[in-house]
file structure-v2.pdb (PDB, C-alpha atoms)
ATOM      1  CA  MET A   1      86.915  96.247-122.218
ATOM      2  CA  ARG A   2      85.291  93.650-124.444
ATOM      3  CA  PRO A   3      87.410  90.591-125.269
ATOM      4  CA  VAL A   4      88.868  90.585-128.765
ATOM      5  CA  VAL A   5      87.045  88.186-131.077
ATOM      6  CA  ILE A   6      89.195  86.885-133.916
ATOM      7  CA  PRO A   7      87.024  86.683-137.055
ATOM      8  CA  LEU A   8      86.440  83.302-138.678
ATOM      9  CA  LEU A   9      88.108  84.475-141.898
ATOM     10  CA  GLU A  10      91.267  85.322-139.941
ATOM     11  CA  ARG A  11      91.332  81.876-138.321
ATOM     12  CA  LEU A  12      90.767  80.180-141.668
ATOM     13  CA  GLY A  13      93.626  82.190-143.151
ATOM     14  CA  ARG A  14      95.927  81.066-140.360
ATOM     15  CA  ALA A  15      94.939  77.453-141.006
ATOM     16  CA  ALA A  16      95.689  77.909-144.720
ATOM     17  CA  LEU A  17      99.159  79.249-143.929
ATOM     18  CA  ARG A  18      99.850  76.370-141.566
ATOM     19  CA  SER A  19      98.779  73.906-144.242
ATOM     20  CA  ARG A  20     101.555  75.321-146.435
ATOM     21  CA  GLY A  21     104.113  74.715-143.722
ATOM     22  CA  VAL A  22     104.264  78.291-142.448
ATOM     23  CA  GLY A  23     104.935  78.197-138.732
ATOM     24  CA  ALA A  24     104.022  80.816-136.168
ATOM     25  CA  ARG A  25     105.279  81.900-132.768
ATOM     26  CA  PHE A  26     105.181  84.750-130.294
ATOM     27  CA  VAL A  27     108.047  87.230-129.913
ATOM     28  CA  GLU A  28     108.405  89.480-126.877
ATOM     29  CA  THR A  29     108.509  93.260-127.397
ATOM     30  CA  PRO A  30     108.240  96.266-125.043
ATOM     31  CA  LEU A  31     104.549  96.436-125.981
ATOM     32  CA  GLY A  32     103.817  92.771-125.326
ATOM     33  CA  ARG A  33     103.863  89.540-127.282
ATOM     34  CA  VAL A  34     103.790  89.799-131.055
ATOM     35  CA  TYR A  35     102.473  86.929-133.198
ATOM     36  CA  VAL A  36     104.744  86.159-136.146
ATOM     37  CA  TYR A  37     104.288  83.894-139.161
ATOM     38  CA  ASP A  38     107.676  82.421-140.046
ATOM     39  CA  GLY A  39     107.947  80.207-143.109
ATOM     40  CA  ARG A  40     110.945  78.567-144.725
ATOM     41  CA  GLY A  41     110.864  78.868-148.481
ATOM     42  CA  LYS A  42     112.328  76.672-151.202
ATOM     43  CA  GLY A  43     114.137  79.324-153.252
ATOM     44  CA  ALA A  44     117.425  81.196-153.181
ATOM     45  CA  LEU A  45     116.159  84.779-153.035
ATOM     46  CA  PRO A  46     116.548  86.721-149.766
ATOM     47  CA  THR A  47     114.179  86.634-146.823
ATOM     48  CA  VAL A  48     111.044  88.731-147.334
ATOM     49  CA  VAL A  49     109.395  90.611-144.458
ATOM     50  CA  LEU A  50     105.718  91.520-144.908
ATOM     51  CA  LEU A  51     104.361  94.448-142.854
ATOM     52  CA  HIS A  52     100.617  95.094-142.839
ATOM     53  CA  GLY A  53      98.589  98.267-142.495
ATOM     54  CA  MET A  54      96.876  99.776-139.477
ATOM     55  CA  GLY A  55      94.000  97.685-138.170
ATOM     56  CA  ALA A  56      94.921  94.813-140.487
ATOM     57  CA  SER A  57      97.065  91.760-139.775
ATOM     58  CA  ALA A  58      99.565  89.478-141.458
ATOM     59  CA  THR A  59      97.017  86.747-142.255
ATOM     60  CA  PRO A  60      95.586  88.415-145.402
ATOM     61  CA  PHE A  61      99.086  88.180-146.901
ATOM     62  CA  ALA A  62      98.417  84.419-147.304
ATOM     63  CA  PRO A  63      97.863  84.490-151.112
ATOM     64  CA  LEU A  64     101.051  86.540-151.478
ATOM     65  CA  VAL A  65     102.989  84.188-149.183
ATOM     66  CA  ALA A  66     101.909  81.176-151.258
ATOM     67  CA  ARG A  67     103.355  82.778-154.398
ATOM     68  CA  LEU A  68     106.600  83.890-152.751
ATOM     69  CA  LEU A  69     107.539  80.752-150.796
ATOM     70  CA  PRO A  70     108.810  78.707-153.775
ATOM     71  CA  HIS A  71     111.324  81.456-154.628
ATOM     72  CA  VAL A  72     112.644  82.914-151.349
ATOM     73  CA  ARG A  73     114.604  81.507-148.447
ATOM     74  CA  ARG A  74     112.164  82.654-145.785
ATOM     75  CA  ILE A  75     109.093  84.791-145.125
ATOM     76  CA  VAL A  76     108.506  86.692-141.888
ATOM     77  CA  ALA A  77     105.126  88.365-141.340
ATOM     78  CA  PRO A  78     104.271  89.802-137.897
ATOM     79  CA  ASP A  79     101.020  91.068-136.414
ATOM     80  CA  TYR A  80     101.569  94.381-134.634
ATOM     81  CA  PRO A  81     100.733  94.680-130.918
ATOM     82  CA  GLY A  82      96.965  94.708-130.531
ATOM     83  CA  HIS A  83      96.475  93.477-134.111
ATOM     84  CA  GLY A  84      95.551  90.039-135.425
ATOM     85  CA  PHE A  85      96.644  87.279-133.069
ATOM     86  CA  SER A  86      99.109  89.430-131.109
ATOM     87  CA  SER A  87      98.490  90.142-127.436
ATOM     88  CA  GLU A  88      96.784  93.310-126.349
ATOM     89  CA  PRO A  89      99.572  95.833-125.648
ATOM     90  CA  SER A  90     100.982  96.250-122.164
ATOM     91  CA  ALA A  91     101.313 100.030-122.613
ATOM     92  CA  ALA A  92      99.846 102.790-124.756
ATOM     93  CA  VAL A  93     100.571 102.296-128.459
ATOM     94  CA  THR A  94     101.783 105.508-130.031
ATOM     95  CA  PRO A  95     103.178 105.401-133.577
ATOM     96  CA  GLU A  96     106.674 105.916-132.142
ATOM     97  CA  ALA A  97     106.258 103.117-129.580
ATOM     98  CA  LEU A  98     104.957 100.801-132.292
ATOM     99  CA  PHE A  99     107.918 101.503-134.581
ATOM    100  CA  ASP A 100     110.395 100.965-131.747
ATOM    101  CA  ALA A 101     108.725  97.720-130.621
ATOM    102  CA  MET A 102     108.641  96.300-134.144
ATOM    103  CA  THR A 103     112.272  97.293-134.721
ATOM    104  CA  ILE A 104     113.209  95.209-131.681
ATOM    105  CA  ALA A 105     111.043  92.334-132.946
ATOM    106  CA  LEU A 106     112.633  92.360-136.418
ATOM    107  CA  ASP A 107     116.120  92.605-134.924
ATOM    108  CA  GLY A 108     115.491  89.339-133.118
ATOM    109  CA  LEU A 109     113.842  87.625-136.081
ATOM    110  CA  LEU A 110     116.179  88.390-138.971
ATOM    111  CA  ASP A 111     119.380  86.431-139.543
ATOM    112  CA  GLU A 112     120.233  88.013-142.910
ATOM    113  CA  PRO A 113     119.508  91.261-144.789
ATOM    114  CA  ALA A 114     115.883  91.095-145.904
ATOM    115  CA  ILE A 115     113.622  92.658-148.474
ATOM    116  CA  VAL A 116     111.118  94.569-146.364
ATOM    117  CA  VAL A 117     107.676  94.985-147.917
ATOM    118  CA  GLY A 118     105.246  97.377-146.243
ATOM    119  CA  ASN A 119     101.683  98.402-147.026
ATOM    120  CA  SER A 120     100.181 101.659-145.670
ATOM    121  CA  LEU A 121     101.343 101.940-142.016
ATOM    122  CA  GLY A 122     103.610  99.007-142.826
ATOM    123  CA  GLY A 123     105.267 101.139-145.497
ATOM    124  CA  ALA A 124     106.093 103.817-142.937
ATOM    125  CA  LEU A 125     107.418 101.078-140.635
ATOM    126  CA  ALA A 126     109.516  99.584-143.459
ATOM    127  CA  LEU A 127     111.144 102.970-144.032
ATOM    128  CA  HIS A 128     111.742 103.389-140.291
ATOM    129  CA  TYR A 129     113.530 100.051-140.176
ATOM    130  CA  ALA A 130     115.568 100.860-143.287
ATOM    131  CA  ILE A 131     116.699 104.147-141.717
ATOM    132  CA  LYS A 132     117.501 102.603-138.338
ATOM    133  CA  ARG A 133     118.961  99.294-139.554
ATOM    134  CA  PRO A 134     120.277  99.785-143.106
ATOM    135  CA  ASP A 135     122.674  96.833-142.763
ATOM    136  CA  ARG A 136     119.708  94.509-142.178
ATOM    137  CA  VAL A 137     117.713  95.659-145.221
ATOM    138  CA  ALA A 138     118.537  94.364-148.713
ATOM    139  CA  GLY A 139     115.719  96.347-150.297
ATOM    140  CA  VAL A 140     112.409  98.074-149.545
ATOM    141  CA  VAL A 141     109.091  97.649-151.373
ATOM    142  CA  LEU A 142     106.507 100.283-150.471
ATOM    143  CA  LEU A 143     102.849  99.610-151.258
ATOM    144  CA  SER A 144     100.896 102.864-150.814
ATOM    145  CA  PRO A 145     102.989 103.860-147.782
ATOM    146  CA  ALA A 146     101.598 106.099-145.060
ATOM    147  CA  GLY A 147     103.682 108.687-143.252
ATOM    148  CA  ALA A 148     103.712 111.632-145.678
ATOM    149  CA  ARG A 149     102.670 115.187-144.901
ATOM    150  CA  SER A 150      99.104 116.235-145.755
ATOM    151  CA  THR A 151      97.231 119.473-145.899
ATOM    152  CA  GLU A 152      95.056 120.019-142.830
ATOM    153  CA  ASP A 153      91.928 119.208-144.844
ATOM    154  CA  GLU A 154      93.509 116.011-146.167
ATOM    155  CA  TRP A 155      94.586 115.005-142.672
ATOM    156  CA  ARG A 156      91.105 115.478-141.230
ATOM    157  CA  ALA A 157      89.631 113.403-144.072
ATOM    158  CA  ILE A 158      92.124 110.577-143.496
ATOM    159  CA  VAL A 159      91.423 110.458-139.747
ATOM    160  CA  ALA A 160      87.662 110.598-140.337
ATOM    161  CA  SER A 161      87.850 107.659-142.759
ATOM    162  CA  PHE A 162      88.960 105.398-139.872
ATOM    163  CA  ASP A 163      85.944 106.277-137.729
ATOM    164  CA  LEU A 164      83.743 103.260-138.457
ATOM    165  CA  ARG A 165      80.426 103.287-136.601
ATOM    166  CA  SER A 166      78.054 101.592-139.007
ATOM    167  CA  ARG A 167      77.948  99.116-141.850
ATOM    168  CA  SER A 168      77.717 101.995-144.318
ATOM    169  CA  ASP A 169      80.903 103.476-142.794
ATOM    170  CA  VAL A 170      82.639 100.121-143.264
ATOM    171  CA  MET A 171      81.553  99.758-146.871
ATOM    172  CA  ALA A 172      82.625 103.330-147.653
ATOM    173  CA  PHE A 173      86.046 102.616-146.111
ATOM    174  CA  LEU A 174      86.446  99.383-148.078
ATOM    175  CA  GLY A 175      85.402 101.188-151.251
ATOM    176  CA  ARG A 176      88.323 103.547-150.739
ATOM    177  CA  ALA A 177      90.755 100.776-149.787
ATOM    178  CA  TYR A 178      90.238  98.402-152.729
ATOM    179  CA  HIS A 179      90.284  98.827-156.476
ATOM    180  CA  ARG A 180      87.125  96.734-156.435
ATOM    181  CA  VAL A 181      85.549  95.622-153.151
ATOM    182  CA  PRO A 182      85.713  91.792-153.004
ATOM    183  CA  LEU A 183      82.538  89.821-152.365
ATOM    184  CA  VAL A 184      83.851  88.497-149.065
ATOM    185  CA  ALA A 185      84.002  92.055-147.733
ATOM    186  CA  HIS A 186      80.214  92.215-147.831
ATOM    187  CA  LEU A 187      80.062  89.030-145.767
ATOM    188  CA  ILE A 188      82.388  90.286-143.013
ATOM    189  CA  ALA A 189      81.233  93.917-142.912
ATOM    190  CA  HIS A 190      79.273  93.336-139.705
ATOM    191  CA  GLU A 191      82.432  92.387-137.761
ATOM    192  CA  PHE A 192      85.031  94.394-139.665
ATOM    193  CA  ALA A 193      85.025  97.523-137.476
ATOM    194  CA  ASP A 194      85.416  95.736-134.132
ATOM    195  CA  ALA A 195      88.074  93.385-135.522
ATOM    196  CA  THR A 196      90.129  96.180-137.078
ATOM    197  CA  MET A 197      89.764  99.924-136.572
ATOM    198  CA  ASN A 198      87.885  99.786-133.264
ATOM    199  CA  ARG A 199      90.476  97.712-131.429
ATOM    200  CA  ARG A 200      92.045  99.585-128.517
ATOM    201  CA  ALA A 201      95.585  99.618-129.912
ATOM    202  CA  VAL A 202      94.389 100.956-133.265
ATOM    203  CA  ARG A 203      92.408 103.762-131.656
ATOM    204  CA  GLN A 204      95.511 104.662-129.626
ATOM    205  CA  ILE A 205      97.659 104.808-132.760
ATOM    206  CA  ILE A 206      95.113 107.053-134.483
ATOM    207  CA  ALA A 207      94.851 109.285-131.410
ATOM    208  CA  GLY A 208      98.642 109.597-131.232
ATOM    209  CA  ALA A 209      99.199 110.244-134.930
ATOM    210  CA  THR A 210      99.977 113.731-136.178
ATOM    211  CA  ASN A 211     100.178 115.442-139.532
ATOM    212  CA  ASP A 212     103.957 115.640-139.287
ATOM    213  CA  PRO A 213     105.927 113.395-141.679
ATOM    214  CA  ALA A 214     106.874 110.061-140.148
ATOM    215  CA  HIS A 215     110.476 110.470-141.294
ATOM    216  CA  ASP A 216     112.974 113.239-141.858
ATOM    217  CA  PRO A 217     113.091 113.769-145.644
ATOM    218  CA  ALA A 218     116.881 113.996-145.405
ATOM    219  CA  ALA A 219     116.959 110.489-143.902
ATOM    220  CA  LEU A 220     114.782 109.177-146.732
ATOM    221  CA  SER A 221     116.947 110.743-149.430
ATOM    222  CA  ALA A 222     120.038 109.201-147.809
ATOM    223  CA  LEU A 223     118.805 105.606-148.159
ATOM    224  CA  ARG A 224     121.172 103.558-150.295
ATOM    225  CA  MET A 225     119.437 100.192-150.632
ATOM    226  CA  PRO A 226     117.163  99.470-153.649
ATOM    227  CA  LEU A 227     113.679 100.972-153.250
ATOM    228  CA  LEU A 228     110.422 100.356-155.089
ATOM    229  CA  LEU A 229     107.284 102.467-154.551
ATOM    230  CA  VAL A 230     104.006 101.068-155.907
ATOM    231  CA  TRP A 231     101.109 103.544-155.867
ATOM    232  CA  GLY A 232      98.083 102.159-157.678
ATOM    233  CA  ARG A 233      95.950 104.299-159.958
ATOM    234  CA  SER A 234      92.916 103.314-157.843
ATOM    235  CA  GLU A 235      94.404 104.675-154.591
ATOM    236  CA  ARG A 236      91.531 106.487-152.868
ATOM    237  CA  LEU A 237      92.364 106.257-149.163
ATOM    238  CA  LEU A 238      95.480 108.422-149.238
ATOM    239  CA  PRO A 239      95.657 111.663-151.251
ATOM    240  CA  GLU A 240      97.771 112.151-154.360
ATOM    241  CA  SER A 241      99.917 114.588-152.409
ATOM    242  CA  HIS A 242     101.332 111.624-150.451
ATOM    243  CA  PHE A 243     102.684 110.109-153.650
ATOM    244  CA  ASP A 244     104.141 113.488-154.567
ATOM    245  CA  TYR A 245     105.800 113.705-151.149
ATOM    246  CA  TYR A 246     107.548 110.350-151.519
ATOM    247  CA  ARG A 247     108.436 111.043-155.141
ATOM    248  CA  ASP A 248     110.317 114.124-153.974
ATOM    249  CA  ALA A 249     111.753 112.707-150.723
ATOM    250  CA  LEU A 250     113.026 109.286-151.827
ATOM    251  CA  PRO A 251     116.490 109.052-153.415
ATOM    252  CA  ALA A 252     116.911 109.312-157.179
ATOM    253  CA  HIS A 253     117.520 105.557-157.581
ATOM    254  CA  ALA A 254     114.078 104.691-156.156
ATOM    255  CA  ILE A 255     111.709 103.098-158.694
ATOM    256  CA  LEU A 256     108.194 104.600-158.731
ATOM    257  CA  GLU A 257     105.324 102.753-160.407
ATOM    258  CA  ARG A 258     101.644 103.655-160.930
ATOM    259  CA  PRO A 259      99.908 100.436-162.051
ATOM    260  CA  GLU A 260      96.284 100.281-163.132
ATOM    261  CA  GLY A 261      93.800  98.121-161.238
ATOM    262  CA  LEU A 262      95.436  98.477-157.819
ATOM    263  CA  GLY A 263      94.162 100.454-154.841
ATOM    264  CA  HIS A 264      95.405 101.080-151.333
ATOM    265  CA  VAL A 265      95.822  97.358-150.621
ATOM    266  CA  PRO A 266      97.447  96.072-153.833
ATOM    267  CA  GLN A 267      98.349  92.683-152.330
ATOM    268  CA  ALA A 268      94.609  92.056-151.972
ATOM    269  CA  ASP A 269      93.652  93.497-155.358
ATOM    270  CA  SER A 270      96.190  91.341-157.220
ATOM    271  CA  PRO A 271      98.447  89.077-155.143
ATOM    272  CA  ARG A 272      99.859  87.596-158.358
ATOM    273  CA  TRP A 273     100.989  90.976-159.708
ATOM    274  CA  VAL A 274     102.467  92.041-156.368
ATOM    275  CA  ALA A 275     104.275  88.719-155.912
ATOM    276  CA  GLU A 276     105.766  88.850-159.407
ATOM    277  CA  ARG A 277     106.879  92.442-158.852
ATOM    278  CA  ILE A 278     108.518  91.632-155.511
ATOM    279  CA  LEU A 279     110.327  88.655-157.049
ATOM    280  CA  ALA A 280     111.536  90.710-160.015
ATOM    281  CA  PHE A 281     112.760  93.380-157.598
ATOM    282  CA  ALA A 282     114.558  90.742-155.521
ATOM    283  CA  ARG A 283     116.190  89.173-158.586
ATOM    284  CA  ALA A 284     117.372  92.569-159.804
ATOM    285  CA  GLY A 285     118.899  93.220-156.375
ATOM    286  CA  GLU A 286     120.693  89.870-156.433
ATOM    287  CA  ALA A 287     122.030  90.603-159.908
ATOM    288  CA  ARG A 288     123.413  93.970-158.763
ATOM    289  CA  THR A 289     125.045  92.269-155.768
TER     290      THR A 289
END
call {"tool": "encode", "arguments": {"input": "structure-v2.pdb", "output": "structure tokens"}}
result
Amino acid sequence: MRPVVIPLLERLGRAALRSRGVGARFVETPLGRVYVYDGRGKGALPTVVLLHGMGASATPFAPLVARLLPHVRRIVAPDYPGHGFSSEPSAAVTPEALFDAMTIALDGLLDEPAIVVGNSLGGALALHYAIKRPDRVAGVVLLSPAGARSTEDEWRAIVASFDLRSRSDVMAFLGRAYHRVPLVAHLIAHEFADATMNRRAVRQIIAGATNDPAHDPAALSALRMPLLLVWGRSERLLPESHFDYYRDALPAHAILERPEGLGHVPQADSPRWVAERILAFARAGEART
């Protein structure tokens, strides 16, 4: 197995977070050591947990972290096993094993109920944690969450989109992920596949994934904490049926929004908009409390 090479952009992002006083450490899980950014904020709003998508890492949350830190008490942003700066997993990474390992990691990290923000796979993980640990979750923000049921054709198309074998495959994937592909994506396209979707843990997650919903719809409808679902109008990686699934499965008090100019990774398309929306959601939750 080839050694994992951390891209320069990832290392620069880590340096930028450190320059803002965001610390980092490793946390032990059943799947190995998980790298976690842990920053103390200057505000009074609750701790915010940031959960990234499959093949991604916590480092690209840096612009979002910079906007949240002045307003919240703390930010926690882990890399999943075999992602980012985390260790390569000590066992096979199935979606279920990943969710269980990250639940254990968050249990050890959180000292107060947190607002859990999840993008894509991170959205499915955020819902898993809210179902398993409702007393530890003050609210959930879902950014194009994965984990819904698809038709068989939709499922095959989703799985195929993660099979990146050439630069053209990478650019097609990024075109589906972003509202507008950023210039830097063209500069890192040559290393994107090996640093993300072609890592061993990611391929194991894809191989172990099924078309079954990640969560029992009854468990989703029973959630009592505040919920916000953001599904951008430029979402092209996941089908519209996934939004419909969550619209029907989430409880009636969940807020559903369809903003323009945001794709599958809204925190990259507009970190300012996402930060302001998270803060407004957090303030509304504090007011209700």
call {"tool": "closest_residue", "arguments": {"input": "structure-v2.pdb", "among": "A:Tyr178, A:Trp273, A:Tyr245, A:Phe281", "to": "Ala214 of chain A", "atoms": "all atoms listed in the file"}}
result
A:Tyr245
call {"tool": "resolve_selection", "arguments": {"input": "structure-v2.pdb", "expression": "the PyMOL selection byres ((chain A and resi 70-87) around 9)", "output": "ChimeraX atom specification"}}
result
/A:6,10,22,26,29,31-52,54-59,61,65-69,88-90,93,98,101-102,105-106,109-110,195-196,199-202,279
call {"tool": "closest_residue", "arguments": {"input": "structure-v2.pdb", "among": "A:Leu183, A:Ala62, A:Val141, A:Pro134", "to": "Arg272 of chain A", "atoms": "only C-alpha atoms"}}
result
A:Ala62
call {"tool": "closest_residue", "arguments": {"input": "structure-v2.pdb", "among": "A:Ser168, A:Ser241, A:Ser270, A:Gln204", "to": "Pro63 of chain A", "atoms": "only C-alpha atoms"}}
result
A:Ser270
call {"tool": "resolve_selection", "arguments": {"input": "structure-v2.pdb", "expression": "the PyMOL selection byres ((chain A and resi 136) around 8)", "output": "list of chain:residue names"}}
result
A:Leu110, A:Glu112, A:Pro113, A:Ala114, A:Ala130, A:Arg133, A:Pro134, A:Asp135, A:Val137, A:Ala138
call {"tool": "closest_residue", "arguments": {"input": "structure-v2.pdb", "among": "A:Pro145, A:Gly261, A:Gly285, A:Gly21", "to": "Gly53 of chain A", "atoms": "only C-alpha atoms"}}
result
A:Pro145
call {"tool": "atom_distance", "arguments": {"input": "structure-v2.pdb", "atom1": "atom CA of Val140 of chain A", "atom2": "atom CA of Ala284 of chain A"}}
result
12.7 Å
